[in-house]
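Quick notes on the structure that follows.
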Amino acid sequence: MKPFDDDTSLNLRHRLLGLKGVVMLIGGSDTGKTTFARQLLAEGVAAGRTIGFVDADLARPTVGPPACVGIKVVSTRADLDMLHEADGLRFVGSTAPQGVIVPHVVAVATAVEAARRRADLVIIDTTSEITGVVGQTLKYHLVELVRPTAIVAIHRGGELDPLEGMLSRFLSTRIEVIDTDRSIPISSPLERQAELIKAFQAAFASPLERWRVAPTVFAPTLPEGFPVNRLHGMLVGVQDPNARCLGLGAIEASEEGSLGVVTSVGEEMRGLRLGSMRIDLETFKTTRVRLRQLMFGV
Ligand SMILES: Nc1ncnc2c1ncn2[C@@H]1O[C@H](COP(=O)(O)OP(=O)(O)OP(=O)(O)O)[C@@H](O)[C@H]1O
Ligand SMILES: [Mg+2]
């Protein structure tokens with residue numbers, strides 16, 4: 001049987017497509033969130049709907065590059081086939097939620113707002129962090145801010161119980177439950193890392209350009225006298241003047257004080273948001289950086 005082709009899943013999708021507002025998908029890794037979202041979008045398109053898709057998964061993106069929240073408004077089969085090409089991006093700057101909960105939550109909320117201007121139903125696909133302080137804090141504030149009409153919880157055993165309990169107790173959220181297919185193989189950390197490297201590679205595909213930039217273009221602002229060579233390799237969001245991210249960039253900086261950004265989206269760049277990762281543009285491997293430590297040594 002095809003994924004989520006049982007009556008319960010089909011009925012649920014039918015009911016969800018009758019809703020307006022926001023539907024958020026939650027579930028552990030490889031439970032089928034993205035598969036379910038794609039099915040919902042496909043069935044919506046077949047029924048003549050226009051649906052906004054907000055991809056809040058930073059590490060395994062469907063829409064746009066990693067470390068960003070992607071927006072895609074889907075009304076045709078062609079839109080569905082080009083889901084990876086975002087209509088809009090919001091930069092978060094990391095592929096893991098630790099240390100970026102505020103930018104992540106704000107990115108999703110503003111992405112939903114943008115999608116809702118063009119579609120009366122918006123679907124949010126989320127990261128697989130569902131447990132622990134970070135996962136729960138992230139989901140709590142996302143739901144608090146976005147106020148989904150319904151949450152679809154994809155169950156694998158009881159792993160979602162604490163999160164669902166919290167969301168219904170504090171935020172009175174309507175939760176619809178389906179079960180994952182236990183035969184789905186769980187991808188290994190190595191497979192995930194290889195996928196992430198590929199996704200970054202695609203985000204830095206040629207034609208790349210090197211733009212010289214001034215030390216004043218960054219958010220947050222660099223402290224007075226900051227040695228710019230410390231920024232070498234930092235992942236940045238190339239921003240327009242309306243808080244939108246045009247795409248990713250990587251900083252090139254030398255001991256002598258030259259400063260530039262490597263990106264394929266420099267044309268309309270207004271400023272650069274510093275991410276919380278460094279990227280090696282030869283291997284596309286990334287490492288985590290604590291911004292506060294980078295900037296102020298604390
Ligand atoms: N119900 C299902 N039956 C069989 N295979 C499925 C089912 N749902 C998903 N799959 C397959 O399992 C894999 C993982 O699915 P998917 O990417 O949708 O999960 P996810 O929850 O979005 O994962 P992640 O947390 O990594 O984003 C995919 O290869 C998909 O084709
Ligand atoms: Mg997914």
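Chain labels run A, B, ... following the order of the structure tokens; each chain numbers its residues from 1, and ligands are numbered from 1 in the order shown.
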Per-residue nearest contacts chain A to ligand 2, cut-off 10 Å, using only C-alpha atoms and all ligand atoms, as CSV:
residue,atom,partner,partner_atom_place_in_ligand_line,distance
A:Leu25,CA,ligand 2,1 (Mg),9.6
A:Ile26,CA,ligand 2,1 (Mg),9.7
A:Gly27,CA,ligand 2,1 (Mg),9.2
A:Gly28,CA,ligand 2,1 (Mg),9.3
A:Ser29,CA,ligand 2,1 (Mg),7.3
A:Asp30,CA,ligand 2,1 (Mg),6.9
A:Thr31,CA,ligand 2,1 (Mg),8.2
A:Gly32,CA,ligand 2,1 (Mg),6.7
A:Lys33,CA,ligand 2,1 (Mg),5.3
A:Thr34,CA,ligand 2,1 (Mg),4.2
A:Thr35,CA,ligand 2,1 (Mg),7.3
A:Phe36,CA,ligand 2,1 (Mg),9.2
A:Ala37,CA,ligand 2,1 (Mg),8.8
A:Asp55,CA,ligand 2,1 (Mg),8.7
A:Ala56,CA,ligand 2,1 (Mg),9.2
A:Asp57,CA,ligand 2,1 (Mg),6.7
A:Leu58,CA,ligand 2,1 (Mg),9.7
A:Ala59,CA,ligand 2,1 (Mg),9.0
A:Arg60,CA,ligand 2,1 (Mg),6.3
A:Pro61,CA,ligand 2,1 (Mg),7.1
A:Thr62,CA,ligand 2,1 (Mg),7.3
A:Asp125,CA,ligand 2,1 (Mg),6.9
A:Thr126,CA,ligand 2,1 (Mg),7.2
A:Thr127,CA,ligand 2,1 (Mg),7.0
A:Ser128,CA,ligand 2,1 (Mg),7.6
Dump N, CA and C atoms for the selected residues as a short mmCIF file (atom, residue, chain, number, x, y, z; two decimals), in the first residue's frame?
data_model
loop_
_atom_site.label_atom_id
_atom_site.label_comp_id
_atom_site.auth_asym_id
_atom_site.auth_seq_id
_atom_site.Cartn_x
_atom_site.Cartn_y
_atom_site.Cartn_z
N LEU A 25 2.10 20.03 11.19
CA LEU A 25 2.41 18.60 11.30
C LEU A 25 3.52 18.42 12.32
N ILE A 26 3.32 17.49 13.25
CA ILE A 26 4.40 17.18 14.18
C ILE A 26 4.63 15.66 14.22
N GLY A 27 5.86 15.29 14.53
CA GLY A 27 6.19 13.87 14.61
C GLY A 27 7.70 13.71 14.71
N GLY A 28 8.13 12.55 15.17
CA GLY A 28 9.55 12.28 15.27
C GLY A 28 10.16 12.13 13.88
N SER A 29 11.48 11.88 13.84
CA SER A 29 12.14 11.80 12.54
C SER A 29 11.66 10.56 11.78
N ASP A 30 11.53 10.72 10.49
CA ASP A 30 11.10 9.64 9.59
C ASP A 30 9.73 9.05 9.95
N THR A 31 8.85 9.83 10.49
CA THR A 31 7.50 9.31 10.74
C THR A 31 6.60 9.57 9.54
N GLY A 32 7.05 10.42 8.60
CA GLY A 32 6.27 10.67 7.39
C GLY A 32 5.61 12.05 7.33
N LYS A 33 6.10 13.01 8.11
CA LYS A 33 5.51 14.36 8.11
C LYS A 33 5.51 14.97 6.70
N THR A 34 6.69 14.92 6.07
CA THR A 34 6.81 15.56 4.76
C THR A 34 5.98 14.80 3.71
N THR A 35 5.97 13.47 3.83
CA THR A 35 5.16 12.67 2.90
C THR A 35 3.69 13.04 3.03
N PHE A 36 3.23 13.14 4.27
CA PHE A 36 1.83 13.49 4.52
C PHE A 36 1.53 14.90 4.00
N ALA A 37 2.46 15.82 4.21
CA ALA A 37 2.26 17.20 3.73
C ALA A 37 2.15 17.23 2.21
N ASP A 55 7.85 25.40 5.19
CA ASP A 55 8.76 24.32 5.55
C ASP A 55 9.67 24.80 6.67
N ALA A 56 9.35 24.37 7.88
CA ALA A 56 10.11 24.82 9.06
C ALA A 56 11.20 23.84 9.45
N ASP A 57 11.44 22.84 8.60
CA ASP A 57 12.50 21.88 8.89
C ASP A 57 13.83 22.46 8.41
N LEU A 58 14.72 22.76 9.35
CA LEU A 58 15.96 23.46 9.01
C LEU A 58 17.04 22.51 8.51
N ALA A 59 16.96 21.24 8.95
CA ALA A 59 18.05 20.32 8.68
C ALA A 59 17.78 19.40 7.49
N ARG A 60 16.50 19.22 7.17
CA ARG A 60 16.16 18.36 6.05
C ARG A 60 15.10 19.08 5.23
N PRO A 61 15.51 20.16 4.56
CA PRO A 61 14.51 21.03 3.95
C PRO A 61 13.85 20.44 2.70
N THR A 62 12.60 20.78 2.51
CA THR A 62 11.90 20.45 1.27
C THR A 62 11.86 21.68 0.38
N ASP A 125 5.27 22.15 7.93
CA ASP A 125 6.04 20.93 8.20
C ASP A 125 7.12 21.34 9.20
N THR A 126 7.33 20.54 10.22
CA THR A 126 8.24 20.97 11.29
C THR A 126 9.46 20.08 11.41
N THR A 127 10.40 20.50 12.26
CA THR A 127 11.57 19.67 12.54
C THR A 127 11.15 18.48 13.40
N SER A 128 12.03 17.48 13.44
CA SER A 128 11.67 16.28 14.20
C SER A 128 12.03 16.40 15.68
#
Got a sec: who's within 8 Å of segment 239-256 of chain A, counting only C-alpha atoms, leaving out chain neighbours fewer than 2 positions off, as a PyMOL selection string?
chain A and resi 65+88-91+203-204+228-237+258-265+268-273+278-279+281
Write to file, as a short mmCIF file (atom, residue, chain, number, x, y, z; two decimals), in the first residue's frame, the residues of the selection just made, with C-alpha atoms.
data_model
loop_
_atom_site.label_atom_id
_atom_site.label_comp_id
_atom_site.auth_asym_id
_atom_site.auth_seq_id
_atom_site.Cartn_x
_atom_site.Cartn_y
_atom_site.Cartn_z
CA PRO A 65 18.11 25.73 1.54
CA GLY A 88 10.22 33.21 -0.03
CA LEU A 89 12.77 32.48 2.70
CA ARG A 90 13.33 33.51 6.31
CA PHE A 91 16.84 33.01 7.66
CA ALA A 203 22.48 26.19 -2.02
CA PHE A 204 26.02 27.16 -3.05
CA VAL A 228 36.88 40.58 10.85
CA ASN A 229 39.05 37.58 10.00
CA ARG A 230 37.18 35.74 12.79
CA LEU A 231 34.15 35.73 10.50
CA HIS A 232 35.85 33.55 7.90
CA GLY A 233 33.53 30.71 6.89
CA MET A 234 30.51 32.04 8.74
CA LEU A 235 27.15 31.18 7.22
CA VAL A 236 25.08 34.29 6.55
CA GLY A 237 21.61 35.09 5.33
CA SER A 258 39.58 42.03 3.53
CA LEU A 259 35.95 41.01 3.87
CA GLY A 260 33.61 39.47 1.33
CA VAL A 261 30.65 37.18 0.89
CA VAL A 262 30.33 34.25 -1.50
CA THR A 263 26.78 33.84 -2.74
CA SER A 264 24.61 33.35 -5.80
CA VAL A 265 22.07 35.94 -4.66
CA GLU A 268 19.69 42.81 -4.25
CA MET A 269 21.64 42.32 -1.05
CA ARG A 270 21.06 44.98 1.59
CA GLY A 271 22.73 43.32 4.55
CA LEU A 272 23.97 40.03 6.00
CA ARG A 273 22.53 38.21 8.98
CA ARG A 278 30.58 27.90 9.75
CA ILE A 279 30.58 26.22 6.38
CA LEU A 281 32.81 25.60 0.76
#
For Val213 of chain A, the nearest of the candidates A:Gly266, A:Leu163, A:Arg182, A:Val69, counting only C-alpha atoms
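Smallest separation from Val213 of chain A among the options: A:Gly266.
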